[in-house]
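One structure is given here, and the rest of the page talks about it.
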Amino acid sequence: MKRKTLLLITLLLGLLVQSQNRYHLKAKRVFDGQNMQENWSVHIDGNTIVYAGPSKTFRNSETIDFGDNTLLPGLIEGHSHILLHPYNETSWNDQVLKESYGERAARAVNHLKASLYAGITTMRDLGSEGAGYLDVGMKDAVEKGVIEGPRLLVAGPAIVATGSYGPKGFHEFVKVPLGAEEADGVNLPTVTRRQIGNGADFIKVYADYRWGPGRTAKPTFSEEEIRTIVETAKSSGRVTVAHASTAEAMKRAINAGVTTIEHGDGATAEVFDLMVAKGVALCPTIAASYSISQYTGWNKDKDPEPARVVNKKRSFKLALERGVKISFGGDVGVFPHGENVLELELMVEYGMDKLEALRSATSVNAALFQLDKLGQLKNGFLADIIVVKGDPSRNISDLRAVEFVMKDGKIVKR
Ligand SMILES: [Zn+2]
């Protein structure tokens, strides 16, 4: 008798454990990473999507019906800085010079949680900005379940040409921590390899920076130097991405083989055509220009748009016209973590189709970042799923109303 009871309890517990890892999610709308579908359901077993299609019934699973809301793949942020916080709180210089690693790591813990609860389940972080390899440590902590956060792809310190990057304004004998690692010429393979060895998932290079007369943006590395970085990273199976605002630096980086251009403000039609020809995507970081302009005095409700904003609008529209692939990435950290959707709102405001914007934040970024099991709700894909109120294909700001977040088959927010 006792044995029978024990057997029954074991069986029941087994069923319970099984159903805990099996979910059947339904909603009026399901964005599958490509298109908006009506009345679909998604079935999850463990950390994997085992069905996504017209609604049907599944047994031995917990059904959650989200009604008149929208299911989507977890969003993939393409350009974050988890080790930075908004510059209107503390200037970039003061963050790099005065905040300890302890403080910066503590802030990053909060930033990661805010991102995940905002529906960002994967994030490409574009440089630790003076915090060494803290990004690698943060990624490890998320993977070990020590802290909550999105899946991370991290750059480590990033590579800058000697003399180009900040903080600046000190005399030659004052040693200050730099926002990135300096390297040039023959030293480039060593620095690239060291960054890889220390945990960088990809390499970020600053192809230009504001080191010209009057702090104008000017190219830094030669095309050959960037190619050295790209080839060194490539042999380890990693890609290189470039910060570039000037047409010349963009051209050098594109020809050298980078996969994405970050910012791209000064691009010409010729440069965008070159990007299309070489399959290079643009991560426009519109929200950064929009936020920095406001920090420096622009009242968006009554003042005319400042040159920085006018130019960003121009370059983004031109990129769309020329058919450049757009990677969703706002440079979040410059503005508050968790406000990532601001970039998507601006992409739409500046002329992008809403469904295209949704694709950019899911399947397009997944493909660009070589994440072959993410960015789509599809049989065999990883169960990173969010639910938002309303219909973001009609009103992109509906992405701000996150009702539910699942990462790797586990419910994070409900
Ligand atoms: Zn950035």
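As shown in the structure tokens, the chain order sets the letters A, B, ...; within each chain, residues go from 1, and ligands are also counted from 1 in the order they appear.
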Go through the chains and note each residue within 12 Å of ligand 1, using only C-alpha atoms and all ligand atoms, then give the set as an mmCIF file with N, CA and C atoms, in the first residue's frame.
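selection_24.cif, written as the output of this step:
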```cif
data_model
loop_
_atom_site.group_PDB
_atom_site.id
_atom_site.type_symbol
_atom_site.label_atom_id
_atom_site.label_comp_id
_atom_site.auth_asym_id
_atom_site.auth_seq_id
_atom_site.Cartn_x
_atom_site.Cartn_y
_atom_site.Cartn_z
ATOM 1 N N GLU A 77 18.223 43.509 -29.159
ATOM 2 C CA GLU A 77 18.818 44.859 -29.197
ATOM 3 C C GLU A 77 20.195 44.756 -29.857
ATOM 4 N N GLY A 78 20.444 45.605 -30.833
ATOM 5 C CA GLY A 78 21.695 45.511 -31.591
ATOM 6 C C GLY A 78 22.821 46.414 -31.126
ATOM 7 N N HIS A 79 22.533 47.385 -30.273
ATOM 8 C CA HIS A 79 23.600 48.313 -29.864
ATOM 9 C C HIS A 79 23.299 48.855 -28.466
ATOM 10 N N SER A 80 23.852 48.181 -27.466
ATOM 11 C CA SER A 80 23.669 48.650 -26.089
ATOM 12 C C SER A 80 25.022 48.917 -25.450
ATOM 13 N N HIS A 81 24.984 49.603 -24.314
ATOM 14 C CA HIS A 81 26.164 49.746 -23.446
ATOM 15 C C HIS A 81 25.681 49.523 -22.022
ATOM 16 N N ILE A 82 25.744 48.274 -21.580
ATOM 17 C CA ILE A 82 25.231 47.970 -20.230
ATOM 18 C C ILE A 82 26.072 48.639 -19.149
ATOM 19 N N LEU A 83 27.283 49.072 -19.507
ATOM 20 C CA LEU A 83 28.151 49.708 -18.507
ATOM 21 C C LEU A 83 28.105 51.233 -18.566
ATOM 22 N N LEU A 84 27.113 51.757 -19.277
ATOM 23 C CA LEU A 84 26.905 53.212 -19.288
ATOM 24 C C LEU A 84 25.484 53.517 -18.819
ATOM 25 N N HIS A 85 25.302 54.707 -18.281
ATOM 26 C CA HIS A 85 23.950 55.177 -17.973
ATOM 27 C C HIS A 85 23.800 56.577 -18.538
ATOM 28 N N TRP A 92 29.736 61.190 -19.848
ATOM 29 C CA TRP A 92 30.513 60.006 -20.229
ATOM 30 C C TRP A 92 31.900 60.070 -19.585
ATOM 31 N N ARG A 124 23.212 42.814 -28.066
ATOM 32 C CA ARG A 124 24.610 42.919 -28.500
ATOM 33 C C ARG A 124 25.161 44.168 -27.837
ATOM 34 N N ASP A 125 26.179 43.988 -26.988
ATOM 35 C CA ASP A 125 26.734 45.129 -26.261
ATOM 36 C C ASP A 125 27.992 45.619 -26.970
ATOM 37 N N LEU A 126 28.017 46.930 -27.253
ATOM 38 C CA LEU A 126 29.023 47.490 -28.163
ATOM 39 C C LEU A 126 30.209 48.156 -27.487
ATOM 40 N N GLY A 127 30.686 47.550 -26.396
ATOM 41 C CA GLY A 127 31.904 48.086 -25.791
ATOM 42 C C GLY A 127 31.670 48.488 -24.353
ATOM 43 N N SER A 128 32.665 48.180 -23.512
ATOM 44 C CA SER A 128 32.514 48.411 -22.064
ATOM 45 C C SER A 128 32.837 49.850 -21.674
ATOM 46 N N GLU A 129 33.363 50.649 -22.597
ATOM 47 C CA GLU A 129 33.633 52.081 -22.355
ATOM 48 C C GLU A 129 34.446 52.302 -21.079
ATOM 49 N N ALA A 155 31.457 42.913 -26.750
ATOM 50 C CA ALA A 155 32.620 43.348 -27.533
ATOM 51 C C ALA A 155 33.899 43.447 -26.699
ATOM 52 N N PRO A 157 36.576 45.652 -24.642
ATOM 53 C CA PRO A 157 36.926 47.087 -24.609
ATOM 54 C C PRO A 157 36.773 47.851 -25.929
ATOM 55 N N ALA A 158 36.774 47.157 -27.075
ATOM 56 C CA ALA A 158 36.776 47.773 -28.416
ATOM 57 C C ALA A 158 38.158 48.352 -28.746
ATOM 58 N N GLY A 179 38.495 55.034 -22.760
ATOM 59 C CA GLY A 179 37.200 54.389 -23.006
ATOM 60 C C GLY A 179 37.286 53.144 -23.871
ATOM 61 N N ALA A 180 38.461 52.884 -24.457
ATOM 62 C CA ALA A 180 38.650 51.688 -25.290
ATOM 63 C C ALA A 180 40.152 51.406 -25.363
ATOM 64 N N LYS A 204 34.852 45.260 -32.017
ATOM 65 C CA LYS A 204 34.365 46.576 -32.441
ATOM 66 C C LYS A 204 35.564 47.481 -32.696
ATOM 67 N N VAL A 205 35.560 48.114 -33.851
ATOM 68 C CA VAL A 205 36.638 49.052 -34.180
ATOM 69 C C VAL A 205 36.035 50.433 -34.425
ATOM 70 N N TYR A 206 36.722 51.450 -33.944
ATOM 71 C CA TYR A 206 36.307 52.831 -34.216
ATOM 72 C C TYR A 206 36.999 53.285 -35.496
ATOM 73 N N VAL A 241 32.709 44.767 -36.265
ATOM 74 C CA VAL A 241 31.742 45.822 -36.567
ATOM 75 C C VAL A 241 32.438 47.172 -36.378
ATOM 76 N N ALA A 242 31.961 48.180 -37.100
ATOM 77 C CA ALA A 242 32.668 49.464 -37.055
ATOM 78 C C ALA A 242 31.773 50.625 -36.634
ATOM 79 N N HIS A 243 32.281 51.393 -35.671
ATOM 80 C CA HIS A 243 31.727 52.713 -35.400
ATOM 81 C C HIS A 243 32.217 53.589 -36.549
ATOM 82 N N ALA A 244 31.297 54.233 -37.267
ATOM 83 C CA ALA A 244 31.713 55.138 -38.343
ATOM 84 C C ALA A 244 30.602 56.139 -38.637
ATOM 85 N N SER A 245 30.987 57.406 -38.676
ATOM 86 C CA SER A 245 30.020 58.458 -38.990
ATOM 87 C C SER A 245 30.332 59.134 -40.317
ATOM 88 N N ILE A 261 27.737 48.718 -39.749
ATOM 89 C CA ILE A 261 28.229 50.073 -39.505
ATOM 90 C C ILE A 261 27.344 50.663 -38.423
ATOM 91 N N GLU A 262 27.967 51.164 -37.373
ATOM 92 C CA GLU A 262 27.244 51.782 -36.272
ATOM 93 C C GLU A 262 27.214 53.294 -36.479
ATOM 94 N N HIS A 263 26.045 53.885 -36.439
ATOM 95 C CA HIS A 263 25.769 55.327 -36.584
ATOM 96 C C HIS A 263 25.548 55.747 -38.048
ATOM 97 N N GLY A 264 26.611 55.911 -38.832
ATOM 98 C CA GLY A 264 26.458 56.181 -40.272
ATOM 99 C C GLY A 264 25.896 57.544 -40.644
ATOM 100 N N CYS A 283 23.354 50.051 -38.339
ATOM 101 C CA CYS A 283 22.726 50.164 -37.030
ATOM 102 C C CYS A 283 22.667 51.670 -36.750
ATOM 103 N N PRO A 284 21.516 52.306 -36.956
ATOM 104 C CA PRO A 284 21.482 53.775 -37.055
ATOM 105 C C PRO A 284 21.596 54.551 -35.733
ATOM 106 N N THR A 285 21.295 53.931 -34.609
ATOM 107 C CA THR A 285 21.373 54.612 -33.295
ATOM 108 C C THR A 285 20.697 55.990 -33.313
ATOM 109 N N ILE A 286 19.468 56.028 -33.809
ATOM 110 C CA ILE A 286 18.729 57.291 -33.894
ATOM 111 C C ILE A 286 18.446 57.845 -32.497
ATOM 112 N N ALA A 287 18.090 56.941 -31.586
ATOM 113 C CA ALA A 287 17.690 57.366 -30.238
ATOM 114 C C ALA A 287 18.826 58.064 -29.489
ATOM 115 N N ALA A 288 20.076 57.720 -29.829
ATOM 116 C CA ALA A 288 21.215 58.374 -29.166
ATOM 117 C C ALA A 288 21.287 59.846 -29.568
ATOM 118 N N SER A 289 21.216 60.111 -30.869
ATOM 119 C CA SER A 289 21.262 61.506 -31.346
ATOM 120 C C SER A 289 20.087 62.296 -30.782
ATOM 121 N N GLY A 329 19.097 49.037 -33.184
ATOM 122 C CA GLY A 329 20.084 49.252 -32.126
ATOM 123 C C GLY A 329 20.160 50.734 -31.823
ATOM 124 N N GLY A 330 19.803 51.123 -30.605
ATOM 125 C CA GLY A 330 19.639 52.542 -30.313
ATOM 126 C C GLY A 330 20.776 53.209 -29.574
ATOM 127 N N ASP A 331 21.835 52.418 -29.182
ATOM 128 C CA ASP A 331 22.887 52.972 -28.323
ATOM 129 C C ASP A 331 22.332 53.192 -26.905
ATOM 130 N N VAL A 332 21.483 52.254 -26.465
ATOM 131 C CA VAL A 332 20.863 52.383 -25.150
ATOM 132 C C VAL A 332 21.934 52.337 -24.056
ATOM 133 N N GLY A 333 21.783 53.188 -23.090
ATOM 134 C CA GLY A 333 22.842 53.464 -22.114
ATOM 135 C C GLY A 333 23.065 54.970 -22.185
ATOM 136 N N VAL A 334 23.086 55.485 -23.424
ATOM 137 C CA VAL A 334 23.067 56.937 -23.633
ATOM 138 C C VAL A 334 21.716 57.470 -23.119
ATOM 139 N N PHE A 335 20.673 56.663 -23.322
ATOM 140 C CA PHE A 335 19.344 56.926 -22.754
ATOM 141 C C PHE A 335 19.001 55.713 -21.877
#
```
Write out as a compact mmCIF listing (two decimals) with N, CA and C atoms, in the first residue's frame each polymer residue whose atoms come within 8 Å of A:Asp398, counting only C-alpha atoms; drop sequence neighbours fewer than 4 positions from it.
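Ended up saving to result_13.txt:
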```
# COMPACT_ATOMS: atom_id res chain seq x y z
N VAL A 388 2.93 41.61 -25.85
CA VAL A 388 2.67 43.03 -25.60
C VAL A 388 1.19 43.30 -25.79
N LYS A 389 0.73 44.33 -25.12
CA LYS A 389 -0.67 44.75 -25.25
C LYS A 389 -0.88 45.31 -26.66
N GLY A 390 -2.07 45.07 -27.21
CA GLY A 390 -2.41 45.72 -28.48
C GLY A 390 -1.72 45.10 -29.68
N ASP A 391 -1.44 45.93 -30.69
CA ASP A 391 -0.91 45.46 -31.96
C ASP A 391 0.24 46.38 -32.43
N PRO A 392 1.48 45.98 -32.18
CA PRO A 392 2.62 46.84 -32.55
C PRO A 392 2.79 47.02 -34.06
```
Tell me which protein, DNA and RNA residues are within 6 Å of A:Tyr23, counting only C-alpha atoms, leaving out same-chain ones fewer than 3 positions away, and put them as a ChimeraX atom specification.
/A:43-44,61-63
When DSSP works through the backbone of this structure, what residues of stretch 26-256 of chain A end up as helix (DSSP H, G or I), shown as a count of residues only?
73
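Between atom CA of A:Glu349 and atom CA of A:Ala27 lies a distance of 27.2 Å.
The smallest atom-to-atom distance between A:Tyr350 and any of A:Val309, A:Lys56, A:Lys218, A:Gln195, using only C-alpha atoms, is found for A:Val309.
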Listing only residues of stretch 353-390 of chain A within 12 Å of stretch 99-116 of chain A, what is the closest atom pair and its distance in Å (to one decimal) for each, using only C-alpha atoms, sorted by chain and residue number ascending, as a Markdown table?
```
| residue | atom | partner | partner_atom | distance |
| --- | --- | --- | --- | --- |
| A:Asp384 | CA | A:Leu116 | CA | 10.7 |
| A:Ile385 | CA | A:Leu116 | CA | 11.2 |
| A:Ile386 | CA | A:Leu116 | CA | 10.1 |
```
Counting only C-alpha atoms, which residues of stretch 27-56 of chain A fall within 7 Å of stretch 68-71 of chain A, and what is the closest atom pair for each with its distance in Å at one decimal, ordered by chain and rising number, as a Markdown table?
```
| residue | atom | partner | partner_atom | distance |
| --- | --- | --- | --- | --- |
| A:Ala27 | CA | A:Asn69 | CA | 5.9 |
| A:Lys28 | CA | A:Asp68 | CA | 5.1 |
| A:Arg29 | CA | A:Thr70 | CA | 4.7 |
| A:Val30 | CA | A:Leu71 | CA | 4.6 |
| A:Phe31 | CA | A:Leu71 | CA | 6.1 |
```
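You will find atom CA of A:Asn198 at 7.9 Å from atom CA of A:Gly156.
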From atom CA of A:Met123 to atom CA of A:Ser327 the spacing works out at 12.0 Å
Set the distance at 7 Å and use only C-alpha atoms: which residues neighbour A:Thr259 once local chain neighbours fewer than 6 positions away are removed? I'd like the list as a ChimeraX atom specification.
/A:239-241,280-281
